[in-house]
Structure formats: structure tokens, C-alpha cells
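Taking it in order: structure first as C-alpha cells, then the write-up.
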Amino acid sequence: MNRLEKVVNLLKDNNLDAIYLTNPSNVNYITGYTDEEAYALISKYGNFVITDTRYIELAESLCKDFEIINWHLFDRSIPKTLKEVCIKTNIKKLGFEKNNIIFDNYNTLKCELEPEGIHLIPSENIVEELRYIKTQDEIDNTKKACMIADKSLEELIPHIKIGVTESELAAKLEYFMKINGANQVGFDTILVSGTKTSLLHGKPSDKVLENGDLLIIDYGANYNGYISDTTRTFIIGSANERQLELYNLVKEAQLVGLENMKPGVHATHPDTKIREVVKKYEDNYYRGLGHGVGRDLHEEPFLGNYGTKTIKEGCIITMEPGIYFPGWGGVRIEDTVLITKGGNEILTKFPKDLMILDKQ
Ligand SMILES: [Mn+2]
């Protein structure tokens, strides 16, 4: 059964005639479309991609199983377009993605559809459920994104020196990823040094690297719509005892996390095991231990002590324990990991042994 057929089956379970998809990751997953500003209507009676003049040719070439509709031809109104399609195909119960619609758009849609007896029904997670387990082509694309990321960090290493700014290094890393084949960066690069490393999602700035700084690089590549996510922590110039202790502890924690990530375990399980390792610093350990990654940077399963899912073969998840002391700094080590039948395979292969760069 292909993805489209699976959605049509799920419509029955949800008592819907059709679903209107607005989340770009879901639209692209189901239709094979690769750009933006397209929407999909999936029903028992026909399947449609709705986009505008700028993207029609692309949609026609990529979405062979769909009828392509240009909403510019319907008074430049998406609600009117949807109304026409629903009337034509006799759709009465239309699901929509309730966590992906602007209030104003919902209101306009409702005004257009309800007088025709077409009911809007809020729904969620229909496509996300399918995206939880990655298919082979999704795994291949993620592996390629991870390879590009590994190679690019390797190329950045000789440029990491005392006196260089965080912004310059972040720009170089993003440049290397694009040169190495990334379609775009997976997300804005986090590259922070010194006391700024306690900012979990700090932004690179004109701060220069100094002797004794910690350096956190959290970055990823996007290849064919799939994202890699890696974090490495380095030390610049010379290391002190506290930095070394913390680095080794976080590295140990990450290994324990990886050992405990396999099919059948609950999403809270790796966190429980890691807390035994980092007990001494539990107050400074961040509970966001990892997350699914695919078309979106953050998707199910979420791994901390708030996780609700069971880890399954074919999930792709990050493992990223970190310990942070405000005003002093932090250490995080993160890999993107594929859950396999027997355990897991680490897809981001950049070494994790401590590297002291521009050694003094
Ligand atoms: Mn991450």
C-alpha cells in the first residue's frame, strides 16, 4: 500500500470523506511535491494538489497521482477552490489539520463551505503517524544528509582558531554543507563559545574564540527534504579540569543513552538510564534528551522524561544529552540515530573523542 492509499484508509477510521493538508511536510510526504505553497486534498473520490501559477509546472511533473488545481483561477481564493472541488466530488465531511491553520483562514473557509453543507472537522496526526517509521528512501536521504554534515564539519576544523568569530565559522560551515551537496541547511547553525555555551540554542555572534573557551556546534544539512542533526563540543587552546570532567561525563551519558535506544523501549527509558550517570549534575542536565528527525527537525518520538511513544524499528531519533551551567558554559554531544532491528545505527559519524583545537 502506498502513502496515499494509507491516508485514504485512515479517513475511514476518522469518519472523514476527505482531508485538507496544509502542513508543508505532510503535503510533500504524501504528494511527492518538493517546494512550498502547495496544499493537498485527499479523498475517496479523487486526490488534488492545490497551488498557484508559480508552481503548477513543478507540481504537474512531480505529483502524477494527483489532479493539479491552480487556485488563482478561482477568484484567487483557496476557500472558493476547495468549495468547488468538494461540491464536484461530493465531499461533506472535510478534515483539516487543526494545528496548521491560521484562525483567519479557518474563518474564511468556514464561511465558504458551511452554507454548502460541507463540514470542517478538526483532525491531527493522520500523516504524522505514517511518518513515524521511515521508509528506505527516507533513510537513504537522511544518511546522505548526515554524510554531508560530517564532511563539512571535518572541513571546518582547520578554520577553528583563537581570534576567529563565531559568525564567520557558522557561515563557513553552512557554505561547506551547500558545496558538499546539501539542498539547504537543516536549521540555523548554533555555534557558540565561552560562557555562551550555556545557552542551549544560542546564536553565533561577532564574539571571537579565546583560549580556554568551550565551543558548541549544533548543525545539520537538508538533503532531499531530510535533515541531519549533530552537536559536537570542542575546547579551544587549553582545557581546564572542570571542562574535562564535564566533557567525559556527557560523553559517557551519550553512550549510555545510545545503548538504551532500541525497538520496544519507551521514549522515557534512555533518559531514566542517563540520569543515573549524571546524578551529580542532575539539576543542570537538560531533560530534552532527543527527538525524532526527518522532514521536520523536531518530530515524534520525543525522548525526555515527558516522552509518550514507544521507540520502533525505522524511527530516526537524536540522542543529545547536555549539561549547562548559566554564566559558566555547557557541553552537549548529539548524534542522529536510526533504530534498527537489533538496536541502532549511528548515522552521524564525526568522532566524539575530545578535540582541543588550536592547542596552546
Ligand atoms: Mn537536536
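Residue names in the C-alpha cells use chain letters A, B, ... in the order shown, residue numbers from 1 in each chain, and ligand numbers from 1 in the order shown.
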If you take only C-alpha atoms and all ligand atoms and a cut-off of 10 Å, which residues of chain A touch ligand 1, and what are their nearest atom pairs and distances in Å to one decimal, in chain and number order, as a Markdown table?
```
| residue | atom | partner | partner_atom_place_in_ligand_line | distance |
| --- | --- | --- | --- | --- |
| A:His201 | CA | ligand 1 | 1 (Mn) | 10.0 |
| A:Asp218 | CA | ligand 1 | 1 (Mn) | 7.5 |
| A:Tyr219 | CA | ligand 1 | 1 (Mn) | 8.4 |
| A:Gly220 | CA | ligand 1 | 1 (Mn) | 9.0 |
| A:Ser228 | CA | ligand 1 | 1 (Mn) | 8.8 |
| A:Asp229 | CA | ligand 1 | 1 (Mn) | 5.5 |
| A:Thr230 | CA | ligand 1 | 1 (Mn) | 6.8 |
| A:Thr231 | CA | ligand 1 | 1 (Mn) | 7.6 |
| A:Gly288 | CA | ligand 1 | 1 (Mn) | 8.9 |
| A:Leu289 | CA | ligand 1 | 1 (Mn) | 8.5 |
| A:Gly290 | CA | ligand 1 | 1 (Mn) | 6.2 |
| A:His291 | CA | ligand 1 | 1 (Mn) | 6.6 |
| A:Gly292 | CA | ligand 1 | 1 (Mn) | 8.7 |
| A:Val293 | CA | ligand 1 | 1 (Mn) | 8.1 |
| A:Leu297 | CA | ligand 1 | 1 (Mn) | 7.3 |
| A:His298 | CA | ligand 1 | 1 (Mn) | 7.4 |
| A:Ile317 | CA | ligand 1 | 1 (Mn) | 8.8 |
| A:Thr318 | CA | ligand 1 | 1 (Mn) | 5.9 |
| A:Met319 | CA | ligand 1 | 1 (Mn) | 7.6 |
| A:Glu320 | CA | ligand 1 | 1 (Mn) | 6.6 |
| A:Pro321 | CA | ligand 1 | 1 (Mn) | 9.8 |
| A:Ile333 | CA | ligand 1 | 1 (Mn) | 9.7 |
| A:Glu334 | CA | ligand 1 | 1 (Mn) | 6.9 |
| A:Asp335 | CA | ligand 1 | 1 (Mn) | 8.1 |
| A:Thr336 | CA | ligand 1 | 1 (Mn) | 8.2 |
```
Residues from the last selection, N, CA and C atoms, saved as a PDB file, in the first residue's frame:
```pdb
ATOM      1  N   HIS A 201      20.266  27.110  22.879  1.00  0.00           N
ATOM      2  CA  HIS A 201      20.105  27.431  21.459  1.00  0.00           C
ATOM      3  C   HIS A 201      20.627  28.835  21.181  1.00  0.00           C
ATOM      4  N   ASP A 218      26.117  22.980  16.852  1.00  0.00           N
ATOM      5  CA  ASP A 218      24.903  22.172  16.681  1.00  0.00           C
ATOM      6  C   ASP A 218      24.351  22.548  15.313  1.00  0.00           C
ATOM      7  N   TYR A 219      24.384  21.608  14.379  1.00  0.00           N
ATOM      8  CA  TYR A 219      24.131  21.979  12.981  1.00  0.00           C
ATOM      9  C   TYR A 219      23.565  20.791  12.220  1.00  0.00           C
ATOM     10  N   GLY A 220      23.082  21.064  11.012  1.00  0.00           N
ATOM     11  CA  GLY A 220      22.560  19.968  10.197  1.00  0.00           C
ATOM     12  C   GLY A 220      22.429  20.361   8.747  1.00  0.00           C
ATOM     13  N   SER A 228      19.676  16.264   8.941  1.00  0.00           N
ATOM     14  CA  SER A 228      20.579  15.640   9.920  1.00  0.00           C
ATOM     15  C   SER A 228      20.705  16.591  11.104  1.00  0.00           C
ATOM     16  N   ASP A 229      21.102  16.056  12.249  1.00  0.00           N
ATOM     17  CA  ASP A 229      21.242  16.895  13.447  1.00  0.00           C
ATOM     18  C   ASP A 229      22.409  16.361  14.290  1.00  0.00           C
ATOM     19  N   THR A 230      23.466  17.151  14.372  1.00  0.00           N
ATOM     20  CA  THR A 230      24.669  16.751  15.114  1.00  0.00           C
ATOM     21  C   THR A 230      25.072  17.869  16.057  1.00  0.00           C
ATOM     22  N   THR A 231      25.583  17.525  17.223  1.00  0.00           N
ATOM     23  CA  THR A 231      26.257  18.524  18.058  1.00  0.00           C
ATOM     24  C   THR A 231      27.607  17.966  18.494  1.00  0.00           C
ATOM     25  N   GLY A 288      15.392  17.671  27.689  1.00  0.00           N
ATOM     26  CA  GLY A 288      15.095  17.427  26.267  1.00  0.00           C
ATOM     27  C   GLY A 288      16.197  16.569  25.661  1.00  0.00           C
ATOM     28  N   LEU A 289      16.110  15.272  25.881  1.00  0.00           N
ATOM     29  CA  LEU A 289      17.229  14.374  25.567  1.00  0.00           C
ATOM     30  C   LEU A 289      17.367  14.055  24.089  1.00  0.00           C
ATOM     31  N   GLY A 290      16.294  14.177  23.341  1.00  0.00           N
ATOM     32  CA  GLY A 290      16.351  13.849  21.920  1.00  0.00           C
ATOM     33  C   GLY A 290      14.983  13.942  21.292  1.00  0.00           C
ATOM     34  N   HIS A 291      14.953  13.789  19.987  1.00  0.00           N
ATOM     35  CA  HIS A 291      13.698  13.952  19.255  1.00  0.00           C
ATOM     36  C   HIS A 291      13.784  13.234  17.925  1.00  0.00           C
ATOM     37  N   GLY A 292      12.664  12.831  17.410  1.00  0.00           N
ATOM     38  CA  GLY A 292      12.633  12.313  16.057  1.00  0.00           C
ATOM     39  C   GLY A 292      13.077  13.400  15.101  1.00  0.00           C
ATOM     40  N   VAL A 293      13.659  12.999  13.981  1.00  0.00           N
ATOM     41  CA  VAL A 293      14.074  13.973  12.981  1.00  0.00           C
ATOM     42  C   VAL A 293      13.826  13.356  11.611  1.00  0.00           C
ATOM     43  N   LEU A 297      12.610  19.124  11.833  1.00  0.00           N
ATOM     44  CA  LEU A 297      13.747  18.994  12.744  1.00  0.00           C
ATOM     45  C   LEU A 297      13.323  18.348  14.051  1.00  0.00           C
ATOM     46  N   HIS A 298      12.127  18.677  14.503  1.00  0.00           N
ATOM     47  CA  HIS A 298      11.635  18.098  15.752  1.00  0.00           C
ATOM     48  C   HIS A 298      10.309  17.412  15.502  1.00  0.00           C
ATOM     49  N   ILE A 317      16.085   9.180  15.311  1.00  0.00           N
ATOM     50  CA  ILE A 317      15.973   9.957  16.549  1.00  0.00           C
ATOM     51  C   ILE A 317      17.343  10.540  16.893  1.00  0.00           C
ATOM     52  N   THR A 318      17.361  11.701  17.521  1.00  0.00           N
ATOM     53  CA  THR A 318      18.632  12.235  18.012  1.00  0.00           C
ATOM     54  C   THR A 318      18.846  11.810  19.462  1.00  0.00           C
ATOM     55  N   MET A 319      20.118  11.712  19.837  1.00  0.00           N
ATOM     56  CA  MET A 319      20.475  11.443  21.237  1.00  0.00           C
ATOM     57  C   MET A 319      21.420  12.565  21.633  1.00  0.00           C
ATOM     58  N   GLU A 320      20.972  13.466  22.516  1.00  0.00           N
ATOM     59  CA  GLU A 320      21.746  14.685  22.749  1.00  0.00           C
ATOM     60  C   GLU A 320      21.763  15.154  24.204  1.00  0.00           C
ATOM     61  N   PRO A 321      22.334  14.337  25.097  1.00  0.00           N
ATOM     62  CA  PRO A 321      22.428  14.815  26.477  1.00  0.00           C
ATOM     63  C   PRO A 321      23.328  16.051  26.567  1.00  0.00           C
ATOM     64  N   ILE A 333      26.585  16.635  23.412  1.00  0.00           N
ATOM     65  CA  ILE A 333      27.035  15.757  22.329  1.00  0.00           C
ATOM     66  C   ILE A 333      25.795  15.112  21.733  1.00  0.00           C
ATOM     67  N   GLU A 334      25.670  15.224  20.414  1.00  0.00           N
ATOM     68  CA  GLU A 334      24.428  14.757  19.766  1.00  0.00           C
ATOM     69  C   GLU A 334      24.722  14.005  18.476  1.00  0.00           C
ATOM     70  N   ASP A 335      24.008  12.907  18.295  1.00  0.00           N
ATOM     71  CA  ASP A 335      24.054  12.179  17.031  1.00  0.00           C
ATOM     72  C   ASP A 335      22.648  11.927  16.532  1.00  0.00           C
ATOM     73  N   THR A 336      22.548  11.717  15.214  1.00  0.00           N
ATOM     74  CA  THR A 336      21.312  11.258  14.598  1.00  0.00           C
ATOM     75  C   THR A 336      21.424   9.742  14.443  1.00  0.00           C
TER      76      THR A 336
END
```
Write out as number ranges by chain all residues of range 104-136 of chain A that DSSP puts in helix (DSSP H, G or I) for this structure's backbone.
A: 104-116, 126-131, 136
Quick one: of A:Asp353, A:Asp296, A:Asp271, A:Glu174, who's nearest to Val256 in chain A, counting only C-alpha atoms?
A:Asp271
Hey, what's within 7 Å of range 182-198 of chain A if we count only C-alpha atoms and toss same-chain stuff fewer than 2 positions away? As an MDAnalysis selection string, please?
chainID A and resid 145 148 166 170 174 177:178 180 200:204 209 213:224 227:228 324:330
Please list as a list in words every residue within 10 Å of Trp71 in chain A, counting only C-alpha atoms and excluding residues in the same chain fewer than 5 positions away.
Val49, Ile50, Thr51, Asp52, Thr53, Arg76, Ser77, Ile78, Pro79, Lys80, Thr81 and Leu82 of chain A
Generate a file of the selected residues that holds N, CA and C atoms, formatted as a JSON list (two decimals), in the first residue's frame.
```
[["chain", "number", "residue", "atom", "x", "y", "z"],
["A", 49, "VAL", "N", -3.80, 18.39, -5.77],
["A", 49, "VAL", "CA", -2.81, 19.32, -5.24],
["A", 49, "VAL", "C", -3.25, 20.71, -5.68],
["A", 50, "ILE", "N", -3.35, 21.59, -4.70],
["A", 50, "ILE", "CA", -3.80, 22.95, -4.99],
["A", 50, "ILE", "C", -2.61, 23.89, -4.81],
["A", 51, "THR", "N", -2.25, 24.56, -5.89],
["A", 51, "THR", "CA", -1.14, 25.51, -5.78],
["A", 51, "THR", "C", -1.42, 26.67, -6.74],
["A", 52, "ASP", "N", -0.45, 27.53, -7.01],
["A", 52, "ASP", "CA", -0.72, 28.66, -7.88],
["A", 52, "ASP", "C", 0.23, 28.66, -9.08],
["A", 53, "THR", "N", 0.05, 29.63, -9.94],
["A", 53, "THR", "CA", 0.73, 29.70, -11.24],
["A", 53, "THR", "C", 2.24, 29.46, -11.13],
["A", 76, "ARG", "N", -8.79, 33.84, -7.24],
["A", 76, "ARG", "CA", -7.61, 33.88, -6.36],
["A", 76, "ARG", "C", -8.00, 33.58, -4.91],
["A", 77, "SER", "N", -8.86, 32.59, -4.74],
["A", 77, "SER", "CA", -9.34, 32.26, -3.39],
["A", 77, "SER", "C", -9.22, 30.75, -3.16],
["A", 78, "ILE", "N", -8.44, 30.37, -2.16],
["A", 78, "ILE", "CA", -8.32, 28.95, -1.83],
["A", 78, "ILE", "C", -9.65, 28.41, -1.29],
["A", 79, "PRO", "N", -10.35, 29.13, -0.41],
["A", 79, "PRO", "CA", -11.65, 28.62, 0.05],
["A", 79, "PRO", "C", -12.63, 28.35, -1.10],
["A", 80, "LYS", "N", -12.67, 29.26, -2.08],
["A", 80, "LYS", "CA", -13.59, 29.04, -3.21],
["A", 80, "LYS", "C", -13.15, 27.82, -4.03],
["A", 81, "THR", "N", -11.85, 27.65, -4.17],
["A", 81, "THR", "CA", -11.33, 26.49, -4.90],
["A", 81, "THR", "C", -11.76, 25.20, -4.19],
["A", 82, "LEU", "N", -11.56, 25.19, -2.88],
["A", 82, "LEU", "CA", -11.94, 24.00, -2.10],
["A", 82, "LEU", "C", -13.43, 23.72, -2.20]]
```
Which of these residues is nearest to Ile346 in chain A, using only C-alpha atoms: A:Leu16, A:Val250, A:Leu258, A:Ile179?
A:Leu258
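Reported to one decimal place, the separation of CA of Arg232 in chain A from CA of Ser205 in chain A is 18.2 Å.
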Need the shell around Asn28 in chain A: protein/DNA/RNA residues with any atom at most 12 Å away, counting only C-alpha atoms. Skip same-chain ones fewer than 2 positions apart. Format as an MDAnalysis selection string?
chainID A and resid 3:4 21:26 30:40 49 59 62:63 127 131 224:226 295:296
Kindly export the residues of the current selection with N, CA and C atoms, as a PDB file, in the first residue's frame.
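In the end it all went to out-v2.pdb:
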```pdb
ATOM      1  N   ARG A   3       1.650   5.509   0.242  1.00  0.00           N
ATOM      2  CA  ARG A   3       1.308   6.507   1.276  1.00  0.00           C
ATOM      3  C   ARG A   3      -0.097   7.061   1.091  1.00  0.00           C
ATOM      4  N   LEU A   4      -0.434   7.298  -0.182  1.00  0.00           N
ATOM      5  CA  LEU A   4      -1.738   7.869  -0.495  1.00  0.00           C
ATOM      6  C   LEU A   4      -2.864   6.906  -0.085  1.00  0.00           C
ATOM      7  N   LEU A  21      -4.790  18.972   3.569  1.00  0.00           N
ATOM      8  CA  LEU A  21      -3.471  19.051   4.210  1.00  0.00           C
ATOM      9  C   LEU A  21      -2.826  20.406   3.930  1.00  0.00           C
ATOM     10  N   THR A  22      -2.408  21.060   5.012  1.00  0.00           N
ATOM     11  CA  THR A  22      -1.767  22.377   4.875  1.00  0.00           C
ATOM     12  C   THR A  22      -0.340  22.384   5.398  1.00  0.00           C
ATOM     13  N   ASN A  23       0.018  21.383   6.220  1.00  0.00           N
ATOM     14  CA  ASN A  23       1.380  21.304   6.752  1.00  0.00           C
ATOM     15  C   ASN A  23       2.324  20.918   5.608  1.00  0.00           C
ATOM     16  N   PRO A  24       3.281  21.793   5.257  1.00  0.00           N
ATOM     17  CA  PRO A  24       4.126  21.534   4.078  1.00  0.00           C
ATOM     18  C   PRO A  24       4.847  20.185   4.141  1.00  0.00           C
ATOM     19  N   SER A  25       5.295  19.774   5.325  1.00  0.00           N
ATOM     20  CA  SER A  25       5.986  18.483   5.438  1.00  0.00           C
ATOM     21  C   SER A  25       5.036  17.338   5.106  1.00  0.00           C
ATOM     22  N   ASN A  26       3.795  17.462   5.533  1.00  0.00           N
ATOM     23  CA  ASN A  26       2.808  16.416   5.247  1.00  0.00           C
ATOM     24  C   ASN A  26       2.408  16.418   3.771  1.00  0.00           C
ATOM     25  N   ILE A  30       3.157  13.169   1.242  1.00  0.00           N
ATOM     26  CA  ILE A  30       2.086  12.413   0.576  1.00  0.00           C
ATOM     27  C   ILE A  30       2.101  12.580  -0.944  1.00  0.00           C
ATOM     28  N   THR A  31       2.430  13.782  -1.403  1.00  0.00           N
ATOM     29  CA  THR A  31       2.271  14.052  -2.842  1.00  0.00           C
ATOM     30  C   THR A  31       3.564  13.900  -3.647  1.00  0.00           C
ATOM     31  N   GLY A  32       4.721  13.969  -2.977  1.00  0.00           N
ATOM     32  CA  GLY A  32       5.985  13.943  -3.706  1.00  0.00           C
ATOM     33  C   GLY A  32       6.422  15.321  -4.183  1.00  0.00           C
ATOM     34  N   TYR A  33       5.617  16.325  -3.865  1.00  0.00           N
ATOM     35  CA  TYR A  33       5.973  17.714  -4.199  1.00  0.00           C
ATOM     36  C   TYR A  33       7.180  18.119  -3.358  1.00  0.00           C
ATOM     37  N   THR A  34       8.014  19.031  -3.905  1.00  0.00           N
ATOM     38  CA  THR A  34       9.255  19.337  -3.181  1.00  0.00           C
ATOM     39  C   THR A  34       9.413  20.811  -2.824  1.00  0.00           C
ATOM     40  N   ASP A  35       8.441  21.638  -3.230  1.00  0.00           N
ATOM     41  CA  ASP A  35       8.624  23.072  -2.971  1.00  0.00           C
ATOM     42  C   ASP A  35       7.620  23.534  -1.917  1.00  0.00           C
ATOM     43  N   GLU A  36       7.246  24.808  -1.955  1.00  0.00           N
ATOM     44  CA  GLU A  36       6.362  25.340  -0.914  1.00  0.00           C
ATOM     45  C   GLU A  36       5.037  25.807  -1.518  1.00  0.00           C
ATOM     46  N   GLU A  37       4.156  26.264  -0.632  1.00  0.00           N
ATOM     47  CA  GLU A  37       2.874  26.852  -1.021  1.00  0.00           C
ATOM     48  C   GLU A  37       2.017  25.946  -1.907  1.00  0.00           C
ATOM     49  N   ALA A  38       1.960  24.689  -1.506  1.00  0.00           N
ATOM     50  CA  ALA A  38       1.008  23.766  -2.125  1.00  0.00           C
ATOM     51  C   ALA A  38       0.226  23.089  -1.006  1.00  0.00           C
ATOM     52  N   TYR A  39      -0.994  22.707  -1.313  1.00  0.00           N
ATOM     53  CA  TYR A  39      -1.883  22.074  -0.333  1.00  0.00           C
ATOM     54  C   TYR A  39      -2.455  20.828  -1.001  1.00  0.00           C
ATOM     55  N   ALA A  40      -2.879  19.888  -0.205  1.00  0.00           N
ATOM     56  CA  ALA A  40      -3.398  18.662  -0.814  1.00  0.00           C
ATOM     57  C   ALA A  40      -4.783  18.350  -0.267  1.00  0.00           C
ATOM     58  N   VAL A  49      -3.800  18.389  -5.773  1.00  0.00           N
ATOM     59  CA  VAL A  49      -2.806  19.321  -5.245  1.00  0.00           C
ATOM     60  C   VAL A  49      -3.253  20.708  -5.677  1.00  0.00           C
ATOM     61  N   ALA A  59       4.494  21.033  -9.946  1.00  0.00           N
ATOM     62  CA  ALA A  59       3.535  20.096  -9.351  1.00  0.00           C
ATOM     63  C   ALA A  59       3.095  19.053 -10.371  1.00  0.00           C
ATOM     64  N   LEU A  62       5.769  16.416 -10.725  1.00  0.00           N
ATOM     65  CA  LEU A  62       6.100  15.592  -9.553  1.00  0.00           C
ATOM     66  C   LEU A  62       4.929  14.778  -9.005  1.00  0.00           C
ATOM     67  N   CYS A  63       3.721  15.292  -9.158  1.00  0.00           N
ATOM     68  CA  CYS A  63       2.578  14.689  -8.454  1.00  0.00           C
ATOM     69  C   CYS A  63       1.669  13.987  -9.458  1.00  0.00           C
ATOM     70  N   VAL A 127      -1.197  12.139   9.044  1.00  0.00           N
ATOM     71  CA  VAL A 127       0.011  11.879   8.243  1.00  0.00           C
ATOM     72  C   VAL A 127       1.230  11.666   9.149  1.00  0.00           C
ATOM     73  N   ARG A 131       4.485   9.018   9.161  1.00  0.00           N
ATOM     74  CA  ARG A 131       5.883   9.496   9.086  1.00  0.00           C
ATOM     75  C   ARG A 131       6.742   8.982  10.240  1.00  0.00           C
ATOM     76  N   ASN A 224      17.299  16.456   0.064  1.00  0.00           N
ATOM     77  CA  ASN A 224      16.002  15.979  -0.453  1.00  0.00           C
ATOM     78  C   ASN A 224      14.887  16.079   0.574  1.00  0.00           C
ATOM     79  N   GLY A 225      14.932  17.120   1.398  1.00  0.00           N
ATOM     80  CA  GLY A 225      13.860  17.318   2.386  1.00  0.00           C
ATOM     81  C   GLY A 225      14.117  16.663   3.728  1.00  0.00           C
ATOM     82  N   TYR A 226      15.229  15.920   3.875  1.00  0.00           N
ATOM     83  CA  TYR A 226      15.523  15.216   5.136  1.00  0.00           C
ATOM     84  C   TYR A 226      16.723  15.842   5.846  1.00  0.00           C
ATOM     85  N   ARG A 295      11.570  15.005   7.989  1.00  0.00           N
ATOM     86  CA  ARG A 295      11.233  16.212   7.229  1.00  0.00           C
ATOM     87  C   ARG A 295      11.202  17.425   8.157  1.00  0.00           C
ATOM     88  N   ASP A 296      10.832  17.193   9.407  1.00  0.00           N
ATOM     89  CA  ASP A 296      10.881  18.272  10.402  1.00  0.00           C
ATOM     90  C   ASP A 296      12.050  18.033  11.327  1.00  0.00           C
TER      91      ASP A 296
END
```
Please identify every residue of range 251-307 of chain A that has at least one atom no farther than 9 Å from an atom of range 311-316 of chain A, counting only C-alpha atoms, and for each give the shortest atom pair and the distance in Å to one decimal, arranged by chain then increasing number, as a tab-separated table.
```
residue	atom	partner	partner_atom	distance
A:Met261	CA	A:Ile311	CA	7.6
A:Lys262	CA	A:Ile311	CA	6.6
A:Pro263	CA	A:Lys312	CA	4.4
A:Gly264	CA	A:Ile311	CA	5.6
A:Val265	CA	A:Ile311	CA	5.6
A:His266	CA	A:Ile311	CA	6.0
A:Ala267	CA	A:Ile311	CA	6.0
A:His291	CA	A:Ile316	CA	8.4
A:Gly292	CA	A:Ile316	CA	5.6
A:Val293	CA	A:Ile316	CA	5.9
A:Gly294	CA	A:Ile316	CA	7.1
A:Glu300	CA	A:Cys315	CA	8.9
A:Pro301	CA	A:Ile311	CA	7.1
```
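Comparing A:Asp283, A:Asp104, A:Glu97, A:Glu299 by their smallest distance to Leu41 in chain A, the closest is A:Glu97 (using only C-alpha atoms).
For the set A:Ile56, A:Leu244, A:Leu354, A:Ala18, the residue with the smallest atom-to-atom gap to His72 in chain A is A:Ile56, counting only C-alpha atoms.
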Quick one: residues within 12 Å of Asp358 in chain A, only C-alpha atoms counted, chain neighbours fewer than 6 positions away excluded, as a PyMOL selection string?
chain A and resi 157-164+209-213+234-239
Keeping only N, CA, C and O atoms, write the selected residues as a tab-separated table (two decimals), in the first residue's frame.
```
chain	number	residue	atom	x	y	z
A	157	ILE	N	37.18	22.19	10.68
A	157	ILE	CA	38.12	22.08	11.80
A	157	ILE	C	39.39	22.94	11.65
A	157	ILE	O	39.74	23.68	12.57
A	158	PRO	N	40.08	22.92	10.49
A	158	PRO	CA	41.30	23.73	10.38
A	158	PRO	C	41.05	25.24	10.51
A	158	PRO	O	41.98	26.00	10.78
A	159	HIS	N	39.80	25.65	10.33
A	159	HIS	CA	39.48	27.09	10.42
A	159	HIS	C	39.17	27.53	11.86
A	159	HIS	O	39.03	28.72	12.13
A	160	ILE	N	39.01	26.55	12.75
A	160	ILE	CA	38.63	26.90	14.14
A	160	ILE	C	39.89	27.29	14.90
A	160	ILE	O	40.72	26.44	15.25
A	161	LYS	N	40.03	28.59	15.13
A	161	LYS	CA	41.26	29.11	15.74
A	161	LYS	C	40.91	30.27	16.67
A	161	LYS	O	39.88	30.94	16.49
A	162	ILE	N	41.80	30.50	17.63
A	162	ILE	CA	41.66	31.67	18.50
A	162	ILE	C	41.63	32.93	17.62
A	162	ILE	O	42.41	33.05	16.67
A	163	GLY	N	40.67	33.84	17.92
A	163	GLY	CA	40.60	35.10	17.18
A	163	GLY	C	39.56	35.12	16.08
A	163	GLY	O	39.21	36.19	15.57
A	164	VAL	N	39.05	33.95	15.69
A	164	VAL	CA	38.02	33.90	14.64
A	164	VAL	C	36.65	34.09	15.30
A	164	VAL	O	36.43	33.66	16.43
A	209	LEU	N	36.74	33.55	19.28
A	209	LEU	CA	37.15	32.42	20.09
A	209	LEU	C	38.39	32.82	20.90
A	209	LEU	O	39.31	33.43	20.38
A	210	GLU	N	38.38	32.41	22.17
A	210	GLU	CA	39.50	32.73	23.04
A	210	GLU	C	40.08	31.47	23.65
A	210	GLU	O	39.40	30.45	23.74
A	211	ASN	N	41.33	31.57	24.06
A	211	ASN	CA	42.00	30.45	24.72
A	211	ASN	C	41.18	30.02	25.94
A	211	ASN	O	40.80	30.86	26.76
A	212	GLY	N	40.88	28.74	26.04
A	212	GLY	CA	40.12	28.24	27.20
A	212	GLY	C	38.62	28.17	26.98
A	212	GLY	O	37.89	27.70	27.86
A	213	ASP	N	38.15	28.59	25.82
A	213	ASP	CA	36.71	28.55	25.54
A	213	ASP	C	36.22	27.13	25.27
A	213	ASP	O	36.92	26.34	24.61
A	234	PHE	N	33.79	21.33	21.51
A	234	PHE	CA	35.25	21.36	21.43
A	234	PHE	C	35.78	22.27	22.53
A	234	PHE	O	35.05	23.04	23.14
A	235	ILE	N	37.10	22.17	22.75
A	235	ILE	CA	37.74	23.14	23.64
A	235	ILE	C	38.81	23.86	22.83
A	235	ILE	O	39.48	23.26	21.99
A	236	ILE	N	38.93	25.15	23.06
A	236	ILE	CA	39.84	25.98	22.27
A	236	ILE	C	41.10	26.29	23.09
A	236	ILE	O	40.99	26.74	24.24
A	237	GLY	N	42.26	26.03	22.51
A	237	GLY	CA	43.53	26.40	23.13
A	237	GLY	C	43.96	25.43	24.21
A	237	GLY	O	44.74	24.52	23.98
A	238	SER	N	43.43	25.63	25.42
A	238	SER	CA	43.78	24.72	26.51
A	238	SER	C	42.56	24.48	27.40
A	238	SER	O	41.71	25.36	27.57
A	239	ALA	N	42.53	23.26	27.94
A	239	ALA	CA	41.34	22.84	28.72
A	239	ALA	C	41.64	22.93	30.21
A	239	ALA	O	42.78	22.78	30.64
```
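Of the residues listed (A:Asn100, A:Asn107, A:Gln136, A:Ser152), A:Asn100 shows the shortest atom-to-atom separation from Glu124 in chain A; distances use only C-alpha atoms.
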What's the 9 Å shell around Lys98 in chain A, counting only C-alpha atoms, without same-chain residues fewer than 5 positions away, as number ranges by chain?
A: 121-124
In terms of only C-alpha atoms, the residue from A:Leu249, A:Thr135, A:Ile87, A:Tyr175 at minimal distance from Pro115 in chain A is A:Ile87
Would you mind writing down, as a PyMOL selection string, each residue of range 51-269 of chain A that DSSP on the backbone assigns to strand (DSSP E or B)?
chain A and resi 51+67-70+93-97+119-123+165+184-185+190-193+208+214-219+221-223+226-227+230-236+266
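Atom pair CA of Thr268 in chain A / CA of Thr308 in chain A: separated by 7.5 Å.
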